[in-house]
Structures are given as structure tokens and as C-alpha cells.
>>> print(open('protein18.txt').read())   # compact mmCIF, C-alpha atoms and all ligand atoms
# COMPACT_ATOMS: atom_id res chain seq x y z
CA MET A 10 105.90 76.01 40.27
CA LYS A 11 103.66 79.07 39.99
CA TYR A 12 104.99 81.08 42.93
CA SER A 13 108.71 81.27 43.44
CA PHE A 14 108.33 82.08 47.13
CA LEU A 15 106.46 78.85 47.75
CA GLU A 16 108.50 75.84 48.83
CA VAL A 17 106.53 72.64 49.02
CA ALA A 18 108.47 69.82 50.68
CA PRO A 19 109.11 66.95 48.21
CA GLN A 20 107.09 64.43 50.23
CA VAL A 21 104.13 66.80 50.39
CA ALA A 22 104.36 67.64 46.70
CA GLU A 23 104.50 63.95 45.80
CA ALA A 24 101.47 63.12 47.97
CA LEU A 25 99.48 65.98 46.42
CA ARG A 26 100.42 64.89 42.90
CA GLN A 27 99.13 61.41 43.65
CA ALA A 28 96.01 62.69 45.44
CA GLN A 29 97.19 61.10 48.68
CA PRO A 30 95.92 62.55 51.99
CA VAL A 31 97.80 65.56 53.36
CA VAL A 32 97.13 67.48 56.59
CA ALA A 33 98.32 71.06 57.11
CA LEU A 34 99.53 72.13 60.57
CA GLU A 35 100.16 75.66 61.82
CA SER A 36 103.24 77.21 63.42
CA THR A 37 101.96 80.06 65.63
CA ILE A 38 100.98 77.33 68.05
CA ILE A 39 104.68 76.34 68.06
CA ALA A 40 106.28 79.79 68.40
CA HIS A 41 103.57 81.58 70.40
CA GLY A 42 101.12 79.00 71.71
CA MET A 43 103.25 76.76 73.92
CA PRO A 44 106.54 77.02 75.82
CA TYR A 45 109.75 75.34 74.70
CA PRO A 46 110.35 72.38 74.57
CA ASP A 47 106.69 71.28 74.84
CA ASN A 48 105.99 73.16 71.61
CA VAL A 49 108.59 71.25 69.59
CA GLU A 50 107.68 67.91 71.13
CA THR A 51 104.00 68.49 70.38
CA ALA A 52 104.66 69.63 66.81
CA LEU A 53 106.72 66.50 66.12
CA ARG A 54 104.13 64.25 67.76
CA CYS A 55 101.43 65.86 65.62
CA GLU A 56 103.41 65.08 62.48
CA ALA A 57 103.88 61.49 63.68
CA ALA A 58 100.15 61.17 64.41
CA VAL A 59 99.31 62.30 60.88
CA ARG A 60 101.69 59.66 59.49
CA GLU A 61 100.25 56.94 61.75
CA HIS A 62 96.92 57.57 60.07
CA GLY A 63 98.44 57.18 56.62
CA ALA A 64 98.54 60.87 55.70
CA VAL A 65 101.43 63.24 55.05
CA PRO A 66 101.92 66.17 57.46
CA ALA A 67 102.67 69.65 56.13
CA THR A 68 103.59 72.03 58.92
CA ILE A 69 103.52 75.53 57.48
CA ALA A 70 105.69 78.57 58.29
CA ILE A 71 107.77 81.24 56.61
CA VAL A 72 111.47 80.37 56.92
CA ASN A 73 114.14 82.67 55.49
CA GLY A 74 111.58 84.39 53.30
CA ARG A 75 110.21 81.15 51.86
CA PHE A 76 106.60 80.13 52.39
CA LYS A 77 107.34 76.54 53.39
CA ILE A 78 104.67 73.88 53.10
CA GLY A 79 106.22 71.04 55.07
CA LEU A 80 108.99 71.87 57.52
CA SER A 81 112.12 69.96 58.46
CA SER A 82 112.59 68.99 62.11
CA ASN A 83 115.35 71.64 62.19
CA ASP A 84 112.84 74.29 61.14
CA ILE A 85 110.44 73.16 63.86
CA GLU A 86 113.21 73.18 66.47
CA MET A 87 114.23 76.70 65.39
CA LEU A 88 110.65 78.04 65.58
CA GLY A 89 110.14 76.44 68.99
CA ARG A 90 113.43 77.70 70.42
CA GLU A 91 113.09 81.25 69.10
CA GLY A 92 109.46 81.40 70.23
CA HIS A 93 108.20 84.95 70.59
CA LYS A 94 111.14 86.30 68.58
CA ILE A 95 109.49 84.81 65.50
CA ALA A 96 106.94 87.19 63.97
CA LYS A 97 103.36 86.07 64.42
CA THR A 98 102.24 86.18 60.82
CA SER A 99 98.63 86.57 59.78
CA ARG A 100 97.17 87.44 56.34
CA ARG A 101 98.27 91.08 56.44
CA ASP A 102 101.87 90.18 57.34
CA ILE A 103 102.72 87.46 54.81
CA ALA A 104 104.02 89.61 51.97
CA PHE A 105 106.20 91.71 54.26
CA ILE A 106 107.82 88.78 56.04
CA LEU A 107 108.50 87.17 52.65
CA ALA A 108 109.92 90.42 51.26
CA LYS A 109 112.20 90.84 54.26
CA GLY A 110 113.47 87.30 53.91
CA GLY A 111 112.58 86.64 57.55
CA HIS A 112 110.86 83.96 59.57
CA GLY A 113 107.14 83.93 60.29
CA ALA A 114 104.95 81.73 62.45
CA THR A 115 101.68 81.29 60.60
CA THR A 116 98.32 81.69 62.35
CA VAL A 117 95.19 79.80 61.36
CA ALA A 118 94.48 82.48 58.73
CA SER A 119 97.89 82.42 57.08
CA THR A 120 98.24 78.65 57.38
CA MET A 121 94.97 78.35 55.46
CA ILE A 122 96.44 80.62 52.79
CA GLY A 123 99.59 78.50 52.55
CA ALA A 124 97.60 75.28 52.47
CA ARG A 125 95.40 76.61 49.70
CA LEU A 126 98.39 77.75 47.62
CA ALA A 127 99.77 74.23 47.81
CA GLY A 128 96.42 72.52 47.24
CA ILE A 129 95.85 71.14 50.74
CA SER A 130 92.23 71.10 51.91
CA ILE A 131 92.42 69.78 55.50
CA PHE A 132 94.14 71.56 58.37
CA ALA A 133 94.32 70.70 62.07
CA THR A 134 95.05 73.04 64.96
CA GLY A 135 94.12 73.57 68.62
CA GLY A 136 91.66 76.42 68.56
CA ILE A 137 90.71 79.13 66.09
CA GLY A 138 90.91 82.82 66.83
CA GLY A 139 87.60 84.64 67.22
CA VAL A 140 85.77 87.65 68.54
CA HIS A 141 87.42 88.72 71.78
CA ARG A 142 85.42 89.49 74.89
CA GLY A 143 85.05 93.26 74.94
CA ALA A 144 85.16 93.44 71.13
CA ARG A 145 82.23 95.86 71.19
CA GLU A 146 84.79 98.46 72.29
CA THR A 147 88.11 97.06 71.05
CA MET A 148 86.90 95.60 67.72
CA ASP A 149 89.43 92.81 68.30
CA ILE A 150 88.21 90.14 65.93
CA SER A 151 90.70 87.57 64.70
CA ALA A 152 91.54 87.58 61.00
CA ASP A 153 91.00 83.81 61.22
CA LEU A 154 87.26 84.38 60.88
CA GLN A 155 87.52 86.38 57.65
CA GLU A 156 89.89 83.77 56.29
CA LEU A 157 87.37 81.05 57.02
CA ALA A 158 84.87 83.10 55.06
CA ARG A 159 86.99 83.18 51.92
CA THR A 160 89.50 80.31 51.77
CA ASN A 161 88.56 76.72 50.93
CA VAL A 162 90.21 74.83 53.75
CA ALA A 163 88.56 72.80 56.52
CA VAL A 164 89.91 73.63 59.96
CA VAL A 165 89.69 70.88 62.57
CA CYS A 166 89.84 72.44 66.04
CA ALA A 167 88.55 71.99 69.58
CA GLY A 168 86.29 74.99 69.12
CA ALA A 169 87.55 78.30 70.40
CA LYS A 170 88.92 79.23 73.77
CA ALA A 171 86.59 80.78 76.26
CA VAL A 172 89.00 83.76 76.37
CA LEU A 173 86.86 84.72 73.38
CA ASP A 174 83.24 85.69 73.20
CA LEU A 175 81.99 82.39 71.81
CA GLU A 176 78.49 83.62 71.14
CA LEU A 177 79.73 86.55 69.04
CA THR A 178 82.30 84.32 67.35
CA LEU A 179 79.53 81.99 66.19
CA GLU A 180 77.38 84.95 65.10
CA TYR A 181 80.27 86.32 63.07
CA LEU A 182 80.83 82.95 61.39
CA GLU A 183 77.13 82.72 60.58
CA THR A 184 77.11 86.19 59.01
CA HIS A 185 80.02 85.21 56.80
CA GLY A 186 78.52 81.89 55.81
CA VAL A 187 81.04 79.65 57.54
CA PRO A 188 79.51 76.33 58.57
CA VAL A 189 80.37 75.10 62.06
CA VAL A 190 80.12 71.33 62.21
CA GLY A 191 80.32 69.36 65.45
CA PHE A 192 82.10 66.04 65.27
CA GLN A 193 79.93 63.69 67.32
CA THR A 194 78.51 66.65 69.20
CA GLU A 195 75.63 69.12 68.98
CA GLU A 196 77.45 71.64 71.10
CA PHE A 197 80.29 73.94 70.16
CA PRO A 198 83.25 72.90 72.35
CA ALA A 199 85.15 75.52 74.35
CA PHE A 200 88.70 74.21 73.87
CA TYR A 201 89.60 73.16 77.46
CA THR A 202 86.06 71.95 78.05
CA ARG A 203 83.73 69.88 75.90
CA ARG A 204 80.76 72.19 76.20
CA SER A 205 80.00 75.87 75.76
CA GLY A 206 76.22 76.00 75.89
CA PHE A 207 76.13 77.06 72.21
CA SER A 208 74.96 74.84 69.38
CA VAL A 209 76.83 73.92 66.24
CA ASP A 210 75.06 74.20 62.89
CA TYR A 211 75.35 70.51 62.02
CA ARG A 212 76.43 67.39 63.77
CA LEU A 213 78.29 64.73 61.76
CA ASP A 214 79.53 61.50 63.28
CA THR A 215 82.09 60.07 60.87
CA PRO A 216 85.13 61.33 58.95
CA GLN A 217 83.47 60.04 55.80
CA GLU A 218 80.38 62.23 56.25
CA LEU A 219 82.64 65.21 56.89
CA ALA A 220 84.68 64.53 53.76
CA GLN A 221 81.52 64.24 51.67
CA ALA A 222 80.16 67.54 52.98
CA LEU A 223 83.46 69.24 52.14
CA ARG A 224 83.51 67.80 48.66
CA ILE A 225 79.95 68.90 47.96
CA LYS A 226 80.46 72.39 49.41
CA TRP A 227 83.44 73.05 47.22
CA ASP A 228 81.89 71.35 44.19
CA THR A 229 79.01 73.81 44.41
CA GLY A 230 81.53 76.64 44.19
CA ILE A 231 80.63 78.05 47.60
CA GLN A 232 83.83 79.74 48.69
CA GLY A 233 85.19 79.52 52.19
CA GLY A 234 86.24 77.08 54.84
CA ILE A 235 84.46 74.93 57.37
CA VAL A 236 85.02 74.72 61.09
CA VAL A 237 85.10 71.10 62.26
CA ALA A 238 84.65 71.32 66.02
CA ASN A 239 86.08 68.31 67.82
CA PRO A 240 85.70 68.30 71.63
CA ILE A 241 88.74 67.67 73.83
CA PRO A 242 88.86 63.98 74.90
CA LYS A 243 86.92 63.42 78.16
CA ALA A 244 89.99 62.25 80.06
CA HIS A 245 91.74 65.58 79.45
CA ALA A 246 88.82 68.00 79.73
CA MET A 247 89.28 70.61 82.43
CA ASN A 248 86.96 71.68 85.18
CA ARG A 249 84.78 74.47 83.87
CA GLU A 250 84.82 76.67 86.98
CA SER A 251 88.60 76.64 87.42
CA VAL A 252 89.16 77.36 83.71
CA GLU A 253 86.72 80.26 83.83
CA GLN A 254 88.47 81.66 86.89
CA ALA A 255 91.87 81.48 85.21
CA ILE A 256 90.50 83.06 82.04
CA GLU A 257 88.94 85.97 83.89
CA GLN A 258 92.13 86.55 85.83
CA ALA A 259 94.21 86.39 82.63
CA ILE A 260 91.96 88.87 80.83
CA HIS A 261 92.11 91.18 83.84
CA ASP A 262 95.93 90.99 83.91
CA ALA A 263 96.21 91.63 80.17
CA ASP A 264 94.01 94.67 80.55
CA ALA A 265 96.00 95.97 83.53
CA GLN A 266 99.22 95.64 81.53
CA GLY A 267 97.75 97.21 78.40
CA ILE A 268 98.32 94.12 76.26
CA ARG A 269 96.40 94.37 73.01
CA GLY A 270 96.37 93.40 69.36
CA LYS A 271 98.35 90.43 68.14
CA ALA A 272 100.12 90.07 71.51
CA LEU A 273 96.87 89.40 73.34
CA THR A 274 96.16 85.78 72.38
CA PRO A 275 99.73 84.54 73.14
CA TYR A 276 99.70 86.43 76.44
CA LEU A 277 96.40 84.90 77.52
CA LEU A 278 97.53 81.38 76.62
CA ALA A 279 100.73 81.71 78.65
CA ARG A 280 98.98 83.37 81.59
CA ILE A 281 96.30 80.67 81.76
CA GLU A 282 99.03 78.06 81.75
CA GLN A 283 100.68 79.76 84.75
CA LEU A 284 97.40 80.16 86.59
CA THR A 285 96.43 76.51 86.12
CA ALA A 286 99.93 75.30 87.05
CA GLY A 287 100.42 73.71 83.65
CA VAL A 288 97.15 71.75 83.57
CA SER A 289 95.97 73.83 80.61
CA LEU A 290 99.15 72.98 78.70
CA GLN A 291 98.52 69.24 79.10
CA ALA A 292 94.94 69.74 77.95
CA ASN A 293 96.15 71.80 75.00
CA LYS A 294 98.56 69.05 73.88
CA ALA A 295 95.90 66.35 74.18
CA LEU A 296 93.30 68.22 72.18
CA VAL A 297 95.70 69.15 69.40
CA LEU A 298 96.69 65.51 68.94
CA ASN A 299 93.06 64.51 68.95
CA ASN A 300 92.33 67.07 66.22
CA VAL A 301 95.29 65.96 64.16
CA SER A 302 94.10 62.34 64.23
CA LEU A 303 90.62 63.32 63.12
CA ALA A 304 92.00 65.57 60.38
CA ALA A 305 94.12 62.72 59.03
CA GLN A 306 91.07 60.47 58.88
CA ILE A 307 89.04 63.16 57.11
CA ALA A 308 91.92 63.73 54.69
CA ALA A 309 92.00 60.01 53.88
CA GLU A 310 88.25 59.95 53.18
CA TYR A 311 88.51 63.17 51.20
CA ALA A 312 91.33 61.80 49.06
CA ALA A 313 89.28 58.67 48.40
CA LEU A 314 86.53 60.88 46.92
CA THR A 315 88.90 62.63 44.54
N1 LIG A 401 94.03 79.74 69.98
C1 LIG A 401 94.67 78.79 70.69
N2 LIG A 401 96.01 78.56 70.49
C2 LIG A 401 96.71 79.29 69.57
C3 LIG A 401 96.02 80.28 68.81
C4 LIG A 401 94.70 80.47 69.04
O1 LIG A 401 94.04 78.14 71.50
O2 LIG A 401 97.93 79.06 69.44
C5 LIG A 401 96.77 81.05 67.77
C6 LIG A 401 96.39 80.53 66.37
O3 LIG A 401 97.53 80.57 65.54
C7 LIG A 401 95.37 81.55 65.90
C8 LIG A 401 95.92 82.81 66.52
O4 LIG A 401 95.26 81.65 64.51
O5 LIG A 401 96.38 82.41 67.80
C9 LIG A 401 94.87 83.89 66.64
O6 LIG A 401 95.48 85.08 67.01
P1 LIG A 401 94.66 86.45 66.94
O7 LIG A 401 93.62 86.31 68.04
O8 LIG A 401 95.65 87.53 67.22
O9 LIG A 401 94.04 86.51 65.59
MN MN A 402 93.34 90.07 67.52
>>> encode(input="protein18.txt", output="C-alpha cells", more="lines below")
Ligand code: PSU
Ligand code: MN
Amino acid sequence: MKYSFLEVAPQVAEALRQAQPVVALESTIIAHGMPYPDNVETALRCEAAVREHGAVPATIAIVNGRFKIGLSSNDIEMLGREGHKIAKTSRRDIAFILAKGGHGATTVASTMIGARLAGISIFATGGIGGVHRGARETMDISADLQELARTNVAVVCAGAKAVLDLELTLEYLETHGVPVVGFQTEEFPAFYTRRSGFSVDYRLDTPQELAQALRIKWDTGIQGGIVVANPIPKAHAMNRESVEQAIEQAIHDADAQGIRGKALTPYLLARIEQLTAGVSLQANKALVLNNVSLAAQIAAEYAALT
């Protein structure tokens, strides 16, 4: 193995060697995105959903200073239990958490990096980070967007949360040449809701078409990822007005408490969950599973092209 800090789980390594489908999953959503024990339950259900679709799951995190591609259920339980005590680890943090021999929950950006190191091309999560509302003053723009601009991994998500400025997020992605593809939709989904009012760049309707587009993009040598935007299933979509109300309240509360930087996104997620009496958490679980299933199907089609 090229990098001694990298620890690819045997099942994942075997699948990659045989060009079998593999789906990467992130761990910030476990440690910082959901409360215990929902986080652990959801992470394990996601892995099971990947397997049900004939692919191998690779949940990614830093554990004891090892960049692990494929976690054990003990690792997942530990990350879920420890929650906010685990360092939220983005691109800038990886080397330092590895050097310290500590644990790190990987964001979309750092999960993409881990996936790429291992040779995994498809990754499923809930929502990507983006340009925060008020970024004109704060310059709070998630490192996820830069990562999408440079790292060849497709990220299947339910769009981005309306805690972000979705219009600026899409502008930023356009500037950096990141394609935003709607799965069976022309509209960029807003995480808890299926619609945002903003268009995607392309609409594709089958996992096969998505896999082909990925193959061709990377065959041309065009660096960077792709956002596959998959709307939350209708049955779980939330009411737009009540979500917007909760979001505005949450942003107001964060501001009043001076919460900024990497703490902001986890704070907003937890606050919205409180304000919606847990409805947002149910929606979050449903959309993640939906994304994982789609990612597994894309991975299967992608592997068939290899
Ligand atoms: N959006 C969600 N749930 C999440 C996150 C984003 O709906 O759990 C997490 C992801 O790990 C994402 C990170 O990469 O938050 C973005 O954090 P920041 O805004 O600090 O870049
Ligand atoms: Mn940020």
C-alpha cells in the first residue's frame, strides 16, 4: 500500500481489486449531524442499504490516527457515542489529526479525499456544505465546494440545506466548473424540501446515464467531482414554510450566541431538529437512505463500464 496511514478494510479492498461497486459514506453526519443513537442506527442502515443493492459500503473516518476506508460497527458506535467530542475533520485538518493519532469525523470534503485515495468514485451523504447566508460579510464558504472542484468523486446528496445561500452555492459551483445534475428533476432540491426555485445544470433520469456521464467526464481528464442532486422522497418532504421558519430562527440563535466557523453547521442542524420537534431528523434519515440507494445503483452501473 502506498500510504501507511491509509487502512482500507479487507472487504472494500477486495471489491476495488475486482472492480466491484463500492460506495463511500461520511462520518461527520454520524458524529456531528445527528444525535445518538439515531446517528449510529442510520449509519448502519445506510451500510445495509448499500449491500442490499449489491455494492460494498465504505464509511470513512480517522480512527486512532488511521485514515480508515471502511469502518467496523464498533468504530461507528464509538463515533456516534462520542459525537461532538470527535474532531470535525475537513481538508485542512486531516494531516494534523493523523499526526496526533486521534479520531476525526470526515466531512464531505475529507471523505472525498479518503475515497479518492482508496480509488472509490461514488459517495453518498445527506447534504453538501455550501455558501452560508451572510457569506458576503463572513466569507463562510464550506471547503466542500473547493473539494468538489478538484477531486474526482461523485457526491450523491439531497441538494444543500436552505440554511445556506443556495443561489450563491450554485454560482460558486459554476465558477469552479462543478456540474450539478438533478436526478429525475430540473430543480435543485433544498434538502428537507424537493424544490428550491433554482435550476440544476442537467437532468438525468437513470443511474446508467449518470454513470456514463461520470465515466466520460473523468476519461476526458476534467478534474473534479459532480453533485448528483436527489430530492427527498415525497412522503418525507417537509412543509416549506415551517422549515424556513425554523431555519431563520436557528440562524438568528446562532448569531445571538456568536456561533461561527466549523461549529455553525452542526449547531444549525441540531437547533432545527429541536425547533421542528424531531420532524427534520426523520426527514434527514429518509433522504440519506434514499441517496445511499441511488449511489449504490450508480456504483453498480459505473463498475459495469469499467
Ligand atoms: N449538511 C447536512 N448535514 C451534515 C453536513 C452538512 O445537511 O451533516 C456536514 C457534512 O459533513 C458537510 C459539513 O461536509 O457538514 C459541512 O460543514 P462546513 O459547513 O463547516 O463546511
Ligand atoms: Mn464553514
>>> residues_around(input="protein18.txt", residues="region 262-269 of chain A", least_positions_apart="5", cutoff="10 Å", atoms="only C-alpha atoms", output="ChimeraX atom specification")
/A:147,149,256-257,274,276-277,280
>>> atom_distance(input="protein18.txt", atom1="CA of Pro46 (chain A)", atom2="CA of Ala286 (chain A)")
16.5 Å
>>> residues_near_ligand(input="protein18.txt", ligand="ligand MN 402 (chain A)", cutoff="12 Å", atoms="all atoms listed in the file", output="PyMOL selection string")
chain A and resi 97-99+116+118+137-144+147-154+172-173+268-277
>>> residues_near_point(input="protein18.txt", point="(85.1, 76.7, 47.8)", cutoff="10 Å", atoms="all atoms listed in the file", output="VMD selection string")
chain A and resid 130 158 to 162 223 to 235
>>> residues_around(input="protein18.txt", residues="Arg75 (chain A)", least_positions_apart="4", cutoff="7 Å", atoms="only C-alpha atoms", output="list in words")
Phe14, Leu15, Glu16, Ile71 and Leu107 of chain A
>>> closest_residue(input="protein18.txt", among="A:Glu310, A:Glu35, A:Glu250, A:Glu91", to="ligand LIG 401 (chain A)", atoms="all atoms listed in the file")
A:Glu35
>>> closest_residue(input="protein18.txt", among="A:Ser36, A:Thr285, A:Ser82, A:Gln193", to="ligand LIG 401 (chain A)", atoms="only C-alpha atoms and all ligand atoms")
A:Ser36
>>> atom_distance(input="protein18.txt", atom1="CA of Val32 (chain A)", atom2="CA of Glu218 (chain A)")
17.6 Å
>>> closest_residue(input="protein18.txt", among="A:Asp210, A:Glu196, A:Glu253, A:Glu282", to="ligand LIG 401 (chain A)", atoms="all atoms listed in the file")
A:Glu282
>>> atom_distance(input="protein18.txt", atom1="CA of Gly186 (chain A)", atom2="CA of Ala70 (chain A)")
27.5 Å
>>> residues_around(input="protein18.txt", residues="Val237 (chain A)", least_positions_apart="5", cutoff="10 Å", atoms="all atoms listed in the file", output="ChimeraX atom specification")
/A:132-133,163-168,188-192,197,209,211-213,219,300,303-304
>>> closest_residue(input="protein18.txt", among="A:Gly110, A:Gly79, A:Gly136, A:Pro30", to="ligand LIG 401 (chain A)", atoms="only C-alpha atoms and all ligand atoms")
A:Gly136
>>> closest_residue(input="protein18.txt", among="A:Ala127, A:Ala169, A:Met87, A:Ala96", to="ligand LIG 401 (chain A)", atoms="only C-alpha atoms and all ligand atoms")
A:Ala169
>>> axis_aligned_box(input="protein18.txt", around="ligand LIG 401 (chain A)", padding_each_side="4 Å", output="AutoDock Vina command-line options")
--center_x 95.8 --center_y 82.8 --center_z 68.0 --size_x 12.3 --size_y 17.4 --size_z 15.0
>>> closest_residue(input="protein18.txt", among="A:Ser119, A:Gln20, A:Thr134, A:Ser205", to="Ile103 (chain A)", atoms="only C-alpha atoms")
A:Ser119
>>> residues_around(input="protein18.txt", residues="Ala244 (chain A)", least_positions_apart="2", cutoff="12 Å", atoms="all atoms listed in the file", output="PyMOL selection string")
chain A and resi 201-203+240-242+246-248+291-292+295-296+299
>>> residues_around(input="protein18.txt", residues="Ala312 (chain A)", least_positions_apart="2", cutoff="9 Å", atoms="all atoms listed in the file", output="JSON, numbers by chain")
{"A": [28, 29, 30, 31, 220, 307, 308, 309, 310, 314, 315]}
>>> decode(input="protein18.txt", residues="region 81-117 of chain A", atoms="N, CA and C atoms", output="compact mmCIF listing (two decimals), in the first residue's frame")
# COMPACT_ATOMS: atom_id res chain seq x y z
N SER A 81 -15.54 -0.56 11.17
CA SER A 81 -16.23 -1.66 11.85
C SER A 81 -17.46 -1.06 12.53
N SER A 82 -18.38 -1.93 12.95
CA SER A 82 -19.56 -1.40 13.66
C SER A 82 -19.14 -0.81 15.01
N ASN A 83 -18.04 -1.31 15.57
CA ASN A 83 -17.50 -0.70 16.81
C ASN A 83 -17.03 0.73 16.58
N ASP A 84 -16.36 0.94 15.44
CA ASP A 84 -15.92 2.30 15.11
C ASP A 84 -17.12 3.23 15.00
N ILE A 85 -18.14 2.75 14.30
CA ILE A 85 -19.34 3.59 14.09
C ILE A 85 -20.02 3.90 15.42
N GLU A 86 -20.12 2.90 16.27
CA GLU A 86 -20.70 3.09 17.60
C GLU A 86 -19.89 4.12 18.40
N MET A 87 -18.58 4.02 18.33
CA MET A 87 -17.71 4.96 19.06
C MET A 87 -17.91 6.39 18.54
N LEU A 88 -17.92 6.56 17.22
CA LEU A 88 -18.10 7.91 16.66
C LEU A 88 -19.46 8.49 17.05
N GLY A 89 -20.47 7.64 17.03
CA GLY A 89 -21.83 8.09 17.35
C GLY A 89 -21.97 8.46 18.82
N ARG A 90 -21.39 7.65 19.68
CA ARG A 90 -21.45 7.89 21.13
C ARG A 90 -20.68 9.14 21.54
N GLU A 91 -19.47 9.27 20.99
CA GLU A 91 -18.60 10.40 21.36
C GLU A 91 -19.11 11.70 20.75
N GLY A 92 -19.76 11.61 19.61
CA GLY A 92 -20.40 12.77 18.99
C GLY A 92 -19.47 13.97 18.85
N HIS A 93 -19.88 15.08 19.47
CA HIS A 93 -19.15 16.33 19.28
C HIS A 93 -17.74 16.31 19.87
N LYS A 94 -17.41 15.29 20.65
CA LYS A 94 -16.03 15.19 21.15
C LYS A 94 -15.06 14.77 20.04
N ILE A 95 -15.61 14.20 18.99
CA ILE A 95 -14.77 13.80 17.85
C ILE A 95 -14.53 15.04 16.98
N ALA A 96 -13.27 15.25 16.60
CA ALA A 96 -12.95 16.45 15.80
C ALA A 96 -13.62 16.38 14.43
N LYS A 97 -14.34 17.44 14.10
CA LYS A 97 -14.86 17.56 12.74
C LYS A 97 -13.67 17.86 11.83
N THR A 98 -13.45 16.98 10.88
CA THR A 98 -12.19 16.97 10.13
C THR A 98 -12.43 17.26 8.66
N SER A 99 -12.00 18.44 8.23
CA SER A 99 -12.10 18.77 6.81
C SER A 99 -10.70 18.71 6.19
N ARG A 100 -10.55 19.13 4.94
CA ARG A 100 -9.26 19.02 4.25
C ARG A 100 -8.09 19.52 5.09
N ARG A 101 -8.24 20.73 5.66
CA ARG A 101 -7.12 21.34 6.37
C ARG A 101 -6.70 20.54 7.60
N ASP A 102 -7.61 19.76 8.16
CA ASP A 102 -7.37 19.10 9.45
C ASP A 102 -6.74 17.72 9.34
N ILE A 103 -6.87 17.08 8.18
CA ILE A 103 -6.54 15.65 8.05
C ILE A 103 -5.15 15.32 8.59
N ALA A 104 -4.15 16.03 8.10
CA ALA A 104 -2.76 15.70 8.45
C ALA A 104 -2.53 15.79 9.95
N PHE A 105 -3.18 16.77 10.57
CA PHE A 105 -2.93 17.02 12.00
C PHE A 105 -3.60 15.98 12.89
N ILE A 106 -4.79 15.54 12.48
CA ILE A 106 -5.48 14.50 13.24
C ILE A 106 -4.72 13.17 13.08
N LEU A 107 -4.22 12.93 11.87
CA LEU A 107 -3.42 11.71 11.64
C LEU A 107 -2.15 11.77 12.48
N ALA A 108 -1.48 12.93 12.47
CA ALA A 108 -0.20 13.07 13.19
C ALA A 108 -0.38 12.88 14.70
N LYS A 109 -1.52 13.34 15.19
CA LYS A 109 -1.80 13.26 16.63
C LYS A 109 -2.21 11.85 17.05
N GLY A 110 -2.57 11.05 16.04
CA GLY A 110 -3.05 9.71 16.35
C GLY A 110 -4.45 9.71 16.91
N GLY A 111 -5.22 10.76 16.59
CA GLY A 111 -6.57 10.91 17.16
C GLY A 111 -7.67 10.36 16.26
N HIS A 112 -8.90 10.73 16.63
CA HIS A 112 -10.07 10.37 15.85
C HIS A 112 -10.56 11.61 15.09
N GLY A 113 -11.08 11.40 13.91
CA GLY A 113 -11.65 12.51 13.15
C GLY A 113 -12.88 12.07 12.38
N ALA A 114 -13.93 12.90 12.48
CA ALA A 114 -15.14 12.65 11.69
C ALA A 114 -14.99 13.41 10.38
N THR A 115 -15.03 12.70 9.28
CA THR A 115 -14.74 13.34 7.99
C THR A 115 -15.99 14.01 7.40
N THR A 116 -15.78 15.24 6.90
CA THR A 116 -16.83 15.98 6.21
C THR A 116 -16.93 15.47 4.77
N VAL A 117 -17.78 16.11 3.99
CA VAL A 117 -17.86 15.76 2.57
C VAL A 117 -16.48 15.93 1.93
